[in-house]
file entry_14.txt (compact mmCIF, C-alpha atoms)
# COMPACT_ATOMS: atom_id res chain seq x y z
CA MET A 1 11.52 -37.40 95.06
CA THR A 2 11.89 -40.08 97.74
CA ASP A 3 8.42 -39.18 98.97
CA TYR A 4 6.93 -39.86 95.56
CA LEU A 5 8.78 -43.16 95.25
CA LEU A 6 7.61 -44.20 98.69
CA LEU A 7 4.05 -43.24 97.81
CA LEU A 8 4.26 -45.34 94.64
CA VAL A 9 5.64 -48.43 96.42
CA SER A 10 3.18 -47.98 99.23
CA THR A 11 0.21 -47.80 96.85
CA VAL A 12 1.35 -50.70 94.67
CA LEU A 13 2.35 -53.15 97.38
CA VAL A 14 1.54 -52.11 100.93
CA ASN A 15 -1.87 -50.53 100.42
CA ASN A 16 -2.75 -52.56 97.37
CA PHE A 17 -6.23 -51.54 96.26
CA VAL A 18 -7.48 -55.03 95.55
CA LEU A 19 -5.89 -57.18 98.22
CA VAL A 20 -5.62 -54.74 101.13
CA LYS A 21 -8.35 -52.16 100.55
CA PHE A 22 -10.66 -54.68 98.78
CA LEU A 23 -11.69 -52.25 96.06
CA GLY A 24 -12.27 -53.30 92.45
CA LEU A 25 -13.06 -56.93 93.25
CA CYS A 26 -15.58 -57.29 90.41
CA PRO A 27 -13.06 -57.11 87.55
CA PHE A 28 -10.55 -58.95 89.75
CA MET A 29 -12.81 -62.02 89.75
CA GLY A 30 -14.51 -61.36 86.41
CA VAL A 31 -11.66 -60.72 83.97
CA SER A 32 -9.03 -62.98 85.48
CA SER A 33 -9.82 -66.27 83.77
CA ARG A 34 -7.45 -65.58 80.85
CA THR A 35 -4.10 -63.81 81.09
CA GLU A 36 -4.51 -62.19 77.68
CA THR A 37 -7.75 -60.52 78.72
CA ALA A 38 -6.32 -59.60 82.10
CA ILE A 39 -3.40 -57.78 80.47
CA GLY A 40 -5.76 -55.85 78.21
CA MET A 41 -7.98 -54.96 81.15
CA SER A 42 -4.91 -53.86 83.11
CA PHE A 43 -3.83 -51.44 80.40
CA ALA A 44 -7.34 -50.01 80.04
CA THR A 45 -7.75 -49.61 83.82
CA THR A 46 -4.29 -48.08 84.25
CA PHE A 47 -5.07 -45.49 81.61
CA VAL A 48 -8.49 -44.69 83.05
CA MET A 49 -7.31 -44.53 86.68
CA THR A 50 -4.36 -42.24 85.96
CA ILE A 51 -6.34 -39.84 83.79
CA ALA A 52 -9.34 -39.92 86.13
CA SER A 53 -7.27 -39.11 89.22
CA LEU A 54 -5.53 -36.28 87.36
CA LEU A 55 -8.77 -34.78 86.06
CA SER A 56 -10.64 -35.21 89.32
CA TYR A 57 -7.84 -33.45 91.21
CA LEU A 58 -7.91 -30.52 88.78
CA ILE A 59 -11.69 -30.26 88.86
CA ASN A 60 -11.84 -30.50 92.62
CA SER A 61 -9.16 -27.94 93.38
CA TYR A 62 -9.91 -25.41 90.63
CA ILE A 63 -13.68 -25.65 90.21
CA LEU A 64 -15.38 -27.34 93.15
CA ALA A 65 -13.30 -26.15 96.11
CA PRO A 66 -13.21 -22.40 95.20
CA LEU A 67 -16.99 -22.40 94.71
CA GLY A 68 -17.60 -24.32 97.91
CA LEU A 69 -19.20 -27.21 96.04
CA GLU A 70 -17.27 -30.07 97.69
CA TYR A 71 -20.53 -31.91 98.30
CA LEU A 72 -20.71 -32.50 94.53
CA THR A 73 -17.42 -34.46 94.39
CA THR A 74 -18.93 -37.94 94.09
CA MET A 75 -21.32 -36.91 91.33
CA THR A 76 -18.69 -34.95 89.42
CA PHE A 77 -16.08 -37.70 89.70
CA ILE A 78 -18.54 -40.26 88.38
CA LEU A 79 -19.12 -37.95 85.43
CA VAL A 80 -15.38 -37.57 84.83
CA ILE A 81 -14.77 -41.31 85.09
CA ALA A 82 -17.64 -42.11 82.75
CA VAL A 83 -16.26 -39.70 80.15
CA VAL A 84 -12.73 -41.09 80.40
CA VAL A 85 -14.04 -44.65 80.12
CA GLN A 86 -16.15 -43.81 77.08
CA PHE A 87 -13.16 -42.13 75.49
CA THR A 88 -10.95 -45.16 76.21
CA GLU A 89 -13.59 -47.45 74.78
CA MET A 90 -13.63 -45.49 71.52
CA VAL A 91 -9.84 -45.52 71.27
CA VAL A 92 -9.62 -49.25 72.02
CA HIS A 93 -12.38 -49.99 69.50
CA LYS A 94 -10.48 -48.03 66.88
CA THR A 95 -7.01 -49.41 67.59
CA SER A 96 -7.55 -53.05 68.60
CA ALA A 97 -10.73 -54.80 67.56
CA ASN A 98 -9.58 -58.03 69.17
CA LEU A 99 -8.94 -56.43 72.56
CA TYR A 100 -12.29 -54.67 72.27
CA ARG A 101 -14.04 -58.00 71.74
CA LEU A 102 -12.09 -59.70 74.56
CA LEU A 103 -12.82 -56.99 77.11
CA GLY A 104 -16.45 -56.95 76.05
CA ILE A 105 -18.74 -55.80 78.82
CA PHE A 106 -15.87 -55.17 81.26
CA LEU A 107 -14.62 -52.11 79.42
CA PRO A 108 -17.73 -49.99 80.07
CA LEU A 109 -17.85 -51.58 83.52
CA ILE A 110 -14.62 -49.78 84.48
CA THR A 111 -17.01 -46.87 85.05
CA THR A 112 -18.48 -48.69 88.00
CA ASN A 113 -15.14 -50.05 89.18
CA CYS A 114 -15.10 -48.72 92.73
CA ALA A 115 -11.30 -48.61 92.69
CA VAL A 116 -11.41 -45.78 90.14
CA LEU A 117 -13.84 -43.66 92.16
CA GLY A 118 -11.95 -44.75 95.29
CA VAL A 119 -8.70 -43.31 93.96
CA ALA A 120 -10.33 -40.01 93.09
CA LEU A 121 -12.03 -39.66 96.49
CA LEU A 122 -9.05 -40.86 98.54
CA ASN A 123 -6.90 -38.26 96.77
CA ILE A 124 -9.19 -35.59 98.23
CA TYR A 125 -9.43 -37.10 101.70
CA GLU A 126 -5.67 -37.57 102.02
CA GLN A 127 -5.09 -34.06 100.62
CA HIS A 128 -2.64 -35.13 97.96
CA ASN A 129 -1.15 -32.43 95.74
CA PHE A 130 -1.16 -32.58 91.93
CA PHE A 131 1.78 -34.94 91.44
CA GLU A 132 0.87 -37.07 94.43
CA SER A 133 -2.62 -37.50 92.97
CA ILE A 134 -1.24 -38.70 89.64
CA ILE A 135 1.24 -41.05 91.34
CA TYR A 136 -1.45 -42.33 93.69
CA GLY A 137 -3.77 -43.06 90.75
CA PHE A 138 -1.02 -44.63 88.69
CA GLY A 139 0.26 -46.66 91.66
CA ALA A 140 -3.22 -47.93 92.46
CA ALA A 141 -3.62 -48.98 88.83
CA VAL A 142 -0.23 -50.68 88.72
CA GLY A 143 -1.09 -52.53 91.92
CA PHE A 144 -4.42 -53.58 90.43
CA SER A 145 -2.73 -54.72 87.20
CA LEU A 146 -0.01 -56.63 89.04
CA VAL A 147 -2.46 -58.52 91.19
CA LEU A 148 -4.91 -59.11 88.31
CA ILE A 149 -2.26 -60.54 85.99
CA MET A 150 -0.71 -62.73 88.71
CA PHE A 151 -4.15 -63.98 89.69
CA SER A 152 -5.12 -64.77 86.09
CA ALA A 153 -1.87 -66.68 85.58
CA MET A 154 -2.65 -68.71 88.68
CA ARG A 155 -6.22 -69.36 87.58
CA GLU A 156 -5.03 -70.63 84.21
CA LYS A 157 -2.94 -73.25 86.04
CA ILE A 158 -5.70 -74.05 88.53
CA VAL A 159 -8.12 -74.91 85.72
CA ASN A 160 -5.92 -77.85 84.80
CA ALA A 161 -5.16 -78.89 88.36
CA ASN A 162 -6.79 -81.88 89.96
CA ILE A 163 -8.86 -80.29 92.71
CA PRO A 164 -11.79 -81.72 94.67
CA LYS A 165 -15.09 -81.21 92.91
CA PRO A 166 -16.75 -78.86 95.45
CA PHE A 167 -13.83 -76.43 95.07
CA LYS A 168 -13.85 -76.30 91.27
CA GLY A 169 -14.32 -72.94 89.55
CA ALA A 170 -15.18 -69.89 91.65
CA PRO A 171 -14.58 -71.38 95.16
CA ILE A 172 -10.92 -72.19 94.53
CA ALA A 173 -10.50 -68.77 92.92
CA MET A 174 -11.88 -67.12 96.06
CA ILE A 175 -9.52 -69.17 98.24
CA THR A 176 -6.59 -68.23 96.01
CA ALA A 177 -7.54 -64.56 96.26
CA GLY A 178 -7.69 -64.87 100.04
CA LEU A 179 -4.24 -66.47 100.17
CA MET A 180 -2.86 -63.74 97.91
CA SER A 181 -4.35 -61.15 100.24
CA LEU A 182 -2.65 -62.83 103.19
CA ALA A 183 0.63 -62.82 101.29
CA PHE A 184 0.27 -59.12 100.55
CA MET A 185 -0.20 -58.44 104.27
CA GLY A 186 3.46 -59.38 104.52
CA PHE A 187 4.31 -56.09 102.82
CA THR A 188 2.77 -54.12 105.68
CA GLY A 189 6.08 -53.71 107.49
CA LEU A 190 7.91 -52.67 104.32
CA VAL A 191 7.24 -48.94 104.16
CA LYS A 192 6.23 -46.67 106.99
CA PHE A 193 4.19 -43.97 105.37
CA MET B 1 -34.96 -13.06 102.78
CA ALA B 2 -31.29 -12.56 101.95
CA GLY B 3 -30.64 -16.08 103.18
CA ILE B 4 -33.15 -17.51 100.72
CA ILE B 5 -31.67 -15.54 97.82
CA ASP B 6 -28.19 -16.68 98.81
CA SER B 7 -29.15 -20.31 98.88
CA ILE B 8 -30.96 -20.01 95.54
CA LEU B 9 -27.86 -18.39 94.05
CA PHE B 10 -25.71 -21.13 95.54
CA THR B 11 -27.91 -23.81 94.01
CA LEU B 12 -27.90 -22.06 90.65
CA ILE B 13 -24.09 -21.94 90.70
CA ALA B 14 -23.97 -25.66 91.48
CA ILE B 15 -26.37 -26.45 88.64
CA GLY B 16 -24.48 -24.13 86.30
CA VAL B 17 -21.09 -25.66 87.12
CA LEU B 18 -22.28 -29.24 86.74
CA GLY B 19 -24.23 -28.36 83.60
CA THR B 20 -21.28 -26.61 81.96
CA MET B 21 -18.99 -29.48 82.84
CA SER B 22 -21.41 -32.03 81.40
CA LEU B 23 -21.75 -29.95 78.25
CA LEU B 24 -17.97 -29.77 77.82
CA PHE B 25 -17.54 -33.49 78.39
CA GLY B 26 -20.39 -34.20 76.00
CA ALA B 27 -18.73 -32.07 73.33
CA LEU B 28 -15.44 -33.92 73.90
CA LEU B 29 -17.12 -37.29 73.51
CA GLY B 30 -18.98 -36.11 70.44
CA TYR B 31 -15.73 -34.99 68.86
CA ALA B 32 -14.04 -38.29 69.81
CA SER B 33 -16.84 -40.37 68.34
CA VAL B 34 -16.32 -38.63 65.00
CA LYS B 35 -12.53 -38.68 65.24
CA PHE B 36 -12.25 -42.34 66.26
CA LYS B 37 -15.07 -43.59 64.09
CA VAL B 38 -14.53 -47.24 63.20
CA LYS B 39 -14.79 -47.68 59.46
CA GLY B 40 -16.61 -50.90 58.80
CA ASP B 41 -16.47 -53.78 61.19
CA PRO B 42 -12.89 -55.00 61.70
CA LEU B 43 -14.32 -58.40 62.58
CA VAL B 44 -15.60 -58.75 59.01
CA GLU B 45 -12.09 -58.10 57.68
CA GLN B 46 -10.64 -60.76 59.96
CA LEU B 47 -13.32 -63.29 58.98
CA ASP B 48 -12.79 -62.48 55.32
CA GLU B 49 -9.09 -63.30 55.71
CA LEU B 50 -9.91 -66.72 57.16
CA LEU B 51 -12.24 -67.65 54.31
CA PRO B 52 -10.59 -69.35 51.32
CA GLN B 53 -11.43 -66.54 48.85
CA THR B 54 -12.71 -68.92 46.21
CA GLN B 55 -15.76 -66.67 45.81
CA CYS B 56 -17.60 -69.88 44.92
CA GLY B 57 -20.95 -68.97 46.44
CA GLN B 58 -21.59 -72.46 47.81
CA CYS B 59 -22.51 -70.93 51.17
CA GLY B 60 -25.48 -69.19 49.56
CA TYR B 61 -23.83 -65.76 49.57
CA PRO B 62 -22.38 -64.09 46.48
CA GLY B 63 -18.80 -64.33 47.72
CA CYS B 64 -16.49 -64.63 50.69
CA LYS B 65 -16.83 -61.03 51.87
CA PRO B 66 -20.64 -61.14 52.03
CA TYR B 67 -20.46 -64.45 53.90
CA ALA B 68 -17.94 -62.90 56.34
CA GLN B 69 -20.40 -60.07 56.90
CA ALA B 70 -23.19 -62.61 57.44
CA ILE B 71 -21.11 -64.54 60.01
CA ALA B 72 -20.43 -61.31 61.86
CA ASP B 73 -24.20 -60.74 61.90
CA GLY B 74 -24.82 -64.15 63.41
CA GLU B 75 -25.03 -66.53 60.43
CA ALA B 76 -23.94 -70.16 60.97
CA ILE B 77 -20.19 -70.63 60.63
CA ASN B 78 -20.33 -74.02 58.94
CA LYS B 79 -21.35 -73.17 55.40
CA CYS B 80 -17.98 -72.84 53.70
CA ALA B 81 -17.43 -76.06 51.75
CA PRO B 82 -14.04 -75.20 50.17
CA GLY B 83 -12.67 -74.12 53.54
CA GLY B 84 -13.80 -77.30 55.22
CA ASP B 85 -13.20 -78.17 58.84
CA ASP B 86 -9.98 -76.15 59.14
CA THR B 87 -11.72 -72.90 58.28
CA ILE B 88 -14.62 -73.70 60.62
CA LYS B 89 -12.18 -74.25 63.48
CA LYS B 90 -10.42 -70.95 62.80
CA ILE B 91 -13.71 -69.04 62.56
CA ALA B 92 -14.94 -70.69 65.76
CA ALA B 93 -11.75 -69.59 67.53
CA LEU B 94 -12.13 -66.03 66.28
CA MET B 95 -15.81 -65.78 67.12
CA GLY B 96 -15.46 -67.60 70.43
CA VAL B 97 -18.12 -70.18 69.59
CA GLU B 98 -18.23 -73.96 69.45
CA VAL B 99 -16.83 -75.77 66.44
CA GLN B 100 -19.64 -77.23 64.31
CA PRO B 101 -19.43 -79.91 61.65
CA LEU B 102 -19.78 -78.69 58.07
CA ASP B 103 -23.41 -78.05 57.17
CA GLU B 104 -24.86 -81.11 55.41
CA SER B 105 -26.57 -79.12 52.65
CA HIS B 106 -23.32 -77.38 51.80
CA ALA B 107 -21.23 -80.51 51.98
CA SER B 108 -22.89 -82.76 49.44
CA ASP B 109 -19.49 -84.00 48.36
CA ASN B 110 -16.71 -82.84 50.57
CA THR B 111 -13.74 -84.72 49.16
CA PRO B 112 -11.11 -82.20 48.13
CA LYS B 113 -11.00 -81.89 44.38
CA VAL B 114 -9.16 -80.03 41.68
CA ALA B 115 -10.32 -79.17 38.21
CA PHE B 116 -8.77 -81.06 35.32
CA ILE B 117 -8.89 -80.00 31.66
CA ILE B 118 -9.16 -82.79 29.14
CA GLU B 119 -6.60 -81.24 26.87
CA GLU B 120 -7.48 -82.95 23.57
CA ASP B 121 -11.02 -81.49 23.80
CA CYS B 122 -10.00 -77.93 24.76
CA ILE B 123 -10.69 -75.39 22.02
CA GLY B 124 -8.85 -72.52 23.72
CA CYS B 125 -11.86 -70.26 24.31
CA THR B 126 -10.44 -68.72 27.57
CA LYS B 127 -13.92 -68.74 29.18
CA CYS B 128 -12.72 -70.85 32.08
CA ILE B 129 -9.78 -68.49 32.62
CA GLN B 130 -12.20 -65.60 33.11
CA ALA B 131 -14.29 -67.64 35.52
CA CYS B 132 -11.38 -68.75 37.73
CA PRO B 133 -11.30 -66.66 40.92
CA VAL B 134 -7.75 -67.66 41.85
CA ASP B 135 -6.00 -67.49 38.42
CA ALA B 136 -5.22 -71.17 38.53
CA ILE B 137 -5.78 -71.71 34.77
CA LEU B 138 -2.98 -71.16 32.30
CA GLY B 139 -3.59 -70.59 28.61
CA ALA B 140 -4.25 -68.11 25.82
CA ALA B 141 -6.83 -67.70 23.05
CA LYS B 142 -6.85 -70.69 20.68
CA GLN B 143 -4.17 -72.34 22.79
CA MET B 144 -4.80 -75.33 24.96
CA HIS B 145 -5.42 -74.47 28.65
CA THR B 146 -4.29 -76.29 31.70
CA ILE B 147 -4.75 -76.06 35.45
CA ILE B 148 -2.13 -75.32 38.07
CA ILE B 149 -3.09 -77.96 40.61
CA ASP B 150 -1.42 -76.20 43.53
CA GLU B 151 -3.46 -73.05 42.96
CA CYS B 152 -6.82 -74.69 42.26
CA THR B 153 -9.22 -74.53 45.19
CA GLY B 154 -11.78 -76.89 43.67
CA CYS B 155 -14.55 -74.33 43.57
CA ASP B 156 -16.31 -75.71 40.43
CA LEU B 157 -16.73 -72.26 38.89
CA CYS B 158 -14.84 -73.13 35.68
CA VAL B 159 -16.96 -76.20 34.90
CA ALA B 160 -20.14 -74.42 33.87
CA PRO B 161 -18.66 -71.85 31.41
CA CYS B 162 -16.80 -74.48 29.35
CA PRO B 163 -18.63 -74.82 25.99
CA VAL B 164 -17.21 -78.26 25.19
CA ASP B 165 -17.45 -79.74 28.70
CA CYS B 166 -13.79 -80.57 28.81
CA ILE B 167 -13.29 -79.71 32.47
CA GLU B 168 -13.92 -82.29 35.11
CA MET B 169 -13.38 -82.29 38.85
CA VAL B 170 -11.01 -85.02 39.99
CA PRO B 171 -10.39 -85.93 43.62
CA ILE B 172 -6.94 -85.07 44.95
CA GLN B 173 -4.81 -88.15 45.41
CA GLN B 174 -4.04 -88.71 49.04
CA THR B 175 -0.29 -88.57 49.55
CA VAL B 176 1.93 -88.46 52.58
CA GLN B 177 2.15 -84.70 52.07
CA ASN B 178 -1.55 -83.97 52.35
CA TRP B 179 -2.66 -86.75 54.70
CA GLN B 180 -4.86 -85.33 57.47
CA TRP B 181 -4.37 -86.96 60.83
CA ASP B 182 -7.54 -85.36 62.18
CA LEU B 183 -6.68 -86.09 65.78
CA ASN B 184 -9.43 -83.79 67.02
CA SER B 185 -12.14 -86.16 65.82
CA ILE B 186 -11.12 -88.62 68.54
CA PRO B 187 -13.34 -87.63 71.49
CA VAL B 188 -11.40 -86.82 74.65
CA VAL B 189 -13.52 -86.90 77.80
CA GLU B 190 -12.52 -85.94 81.29
CA ILE B 191 -13.09 -88.70 83.81
CA ASP B 192 -14.21 -87.44 87.17
call {"tool": "encode", "arguments": {"input": "entry_14.txt", "output": "structure tokens"}}
result
Amino acid sequence: MTDYLLLLVSTVLVNNFVLVKFLGLCPFMGVSSRTETAIGMSFATTFVMTIASLLSYLINSYILAPLGLEYLTTMTFILVIAVVVQFTEMVVHKTSANLYRLLGIFLPLITTNCAVLGVALLNIYEQHNFFESIIYGFGAAVGFSLVLIMFSAMREKIVNANIPKPFKGAPIAMITAGLMSLAFMGFTGLVKF
Amino acid sequence: MAGIIDSILFTLIAIGVLGTMSLLFGALLGYASVKFKVKGDPLVEQLDELLPQTQCGQCGYPGCKPYAQAIADGEAINKCAPGGDDTIKKIAALMGVEVQPLDESHASDNTPKVAFIIEEDCIGCTKCIQACPVDAILGAAKQMHTIIIDECTGCDLCVAPCPVDCIEMVPIQQTVQNWQWDLNSIPVVEID
């Protein structure tokens, strides 16, 4: 139990996918200009990442590994992720038209979010078992959501701040992201895992 | 020879596995697309709720719902005269586009008005009651009719059916209750 908790904390804070592993930077910069959108994106990504890591573990250990087809992992995982994303898109479209419109192009783009494929592949490389895979996927998604929502809240304030003209817009966002990454390095000593 | 057959078999298994998986996923998505089919465009419903529901047709469409559909398809958002600037702002917020001033051709006379029945001329024919889209006219056959000012949206639809021309549109008196401050019309510019 402690192991799972440690794995969760380690994935959310210490090995944060965005700020430490630098995966999933496209939605991190792209969807973070409004908190409302960022929260929606977080929920969608959390759902996709958790389900994708679960499915990819099952497919890898019960279909690919017994048949000696490990070299197909990347291709298969992309297929799995694409299906989960499409499914999520349909559900979101059905349940919340407003969220669907806000997420716009970024919802299908979760497919190409390298963090999602990263989770699935890292699960294989680090030889996680079934529950560890789910927790790793969920933790990575929670870490992504945490950072994305914090970053969007900051960007909303920065828009109104009086900053020098050359830094306006994307440059100050990049600097903020860098500072956040530095801050997250402080977690490195927290868990030895 | 055996090596070649083995590798062909191996490849066939790989193709078979990936193919079966794709087929299964495709079937799942196909089922989901039927199961989660979106009936109508929810955006149209939301736009329809913002429109004033006078069904007056001043926008050039037969009613509010068709105009909502047209906006969703890319029609200009500034054609609703009864809704005025307030409705345009709300639609602009929903659609994520810039606020536009009310279209000139649809705003020939944009002062808010209500219908008024000249009661001594009214013959009690009930034709205006049938025309009113918001049930703002009170009255019965061969009884004098009158207008509930609070309900009237000023859509003009009751004027034409009246056989004795006893309905006229009168501007709403400006009172402290309905005074519009219109602060947004003061341009605010950011000074660098």
call {"tool": "interface_residues", "arguments": {"input": "entry_14.txt", "of": "chain A", "to": "chain B", "cutoff": "10 Å", "atoms": "all atoms listed in the file", "output": "JSON, numbers by chain"}}
result
{"A": [59, 63, 64, 67, 68, 69, 71, 72, 75, 76, 79, 80, 82, 83, 84, 86, 87, 88, 90, 91, 92, 93, 94, 95, 96, 97, 98, 101, 102, 162, 164, 165]}
call {"tool": "closest_residue", "arguments": {"input": "entry_14.txt", "among": "A:Ala170, A:Leu7, A:Ile124, A:Val31", "to": "Tyr57 of chain A", "atoms": "all atoms listed in the file"}}
result
A:Ile124
call {"tool": "atom_distance", "arguments": {"input": "entry_14.txt", "atom1": "atom CA of Asp73 of chain B", "atom2": "atom CA of Phe43 of chain A"}}
result
29.0 Å
call {"tool": "atom_distance", "arguments": {"input": "entry_14.txt", "atom1": "atom CA of Val116 of chain A", "atom2": "atom CA of Met29 of chain A"}}
result
16.3 Å
call {"tool": "residues_around", "arguments": {"input": "entry_14.txt", "residues": "Leu50 of chain B", "least_positions_apart": "5", "cutoff": "8 Å", "atoms": "only C-alpha atoms", "output": "ChimeraX atom specification"}}
result
/B:87,90-91
call {"tool": "atom_distance", "arguments": {"input": "entry_14.txt", "atom1": "atom CA of Ser53 of chain A", "atom2": "atom CA of Tyr4 of chain A"}}
result
15.6 Å
call {"tool": "closest_residue", "arguments": {"input": "entry_14.txt", "among": "A:Gly143, A:Leu25, A:Leu148, A:Asn15", "to": "Gly40 of chain A", "atoms": "all atoms listed in the file"}}
result
A:Leu148
call {"tool": "closest_residue", "arguments": {"input": "entry_14.txt", "among": "B:Ile88, B:Gln55, B:Glu190, B:Asp135", "to": "Asn160 of chain A", "atoms": "only C-alpha atoms"}}
result
B:Glu190
call {"tool": "residues_around", "arguments": {"input": "entry_14.txt", "residues": "segment 178-183 of chain A", "least_positions_apart": "6", "cutoff": "9 Å", "atoms": "all atoms listed in the file", "output": "VMD selection string"}}
result
chain A and resid 18 to 20 147 151
call {"tool": "closest_residue", "arguments": {"input": "entry_14.txt", "among": "A:Gly169, A:Leu107, A:Glu132, A:Phe138", "to": "Thr2 of chain A", "atoms": "all atoms listed in the file"}}
result
A:Glu132
call {"tool": "closest_residue", "arguments": {"input": "entry_14.txt", "among": "A:Leu58, A:Leu117, A:Leu109, A:Ile158", "to": "Ile81 of chain A", "atoms": "all atoms listed in the file"}}
result
A:Leu117
call {"tool": "residues_near_point", "arguments": {"input": "entry_14.txt", "point": "(-20.5, -73.2, 31.6)", "cutoff": "12 Å", "atoms": "all atoms listed in the file", "output": "VMD selection string"}}
result
chain B and resid 125 to 132 156 to 168
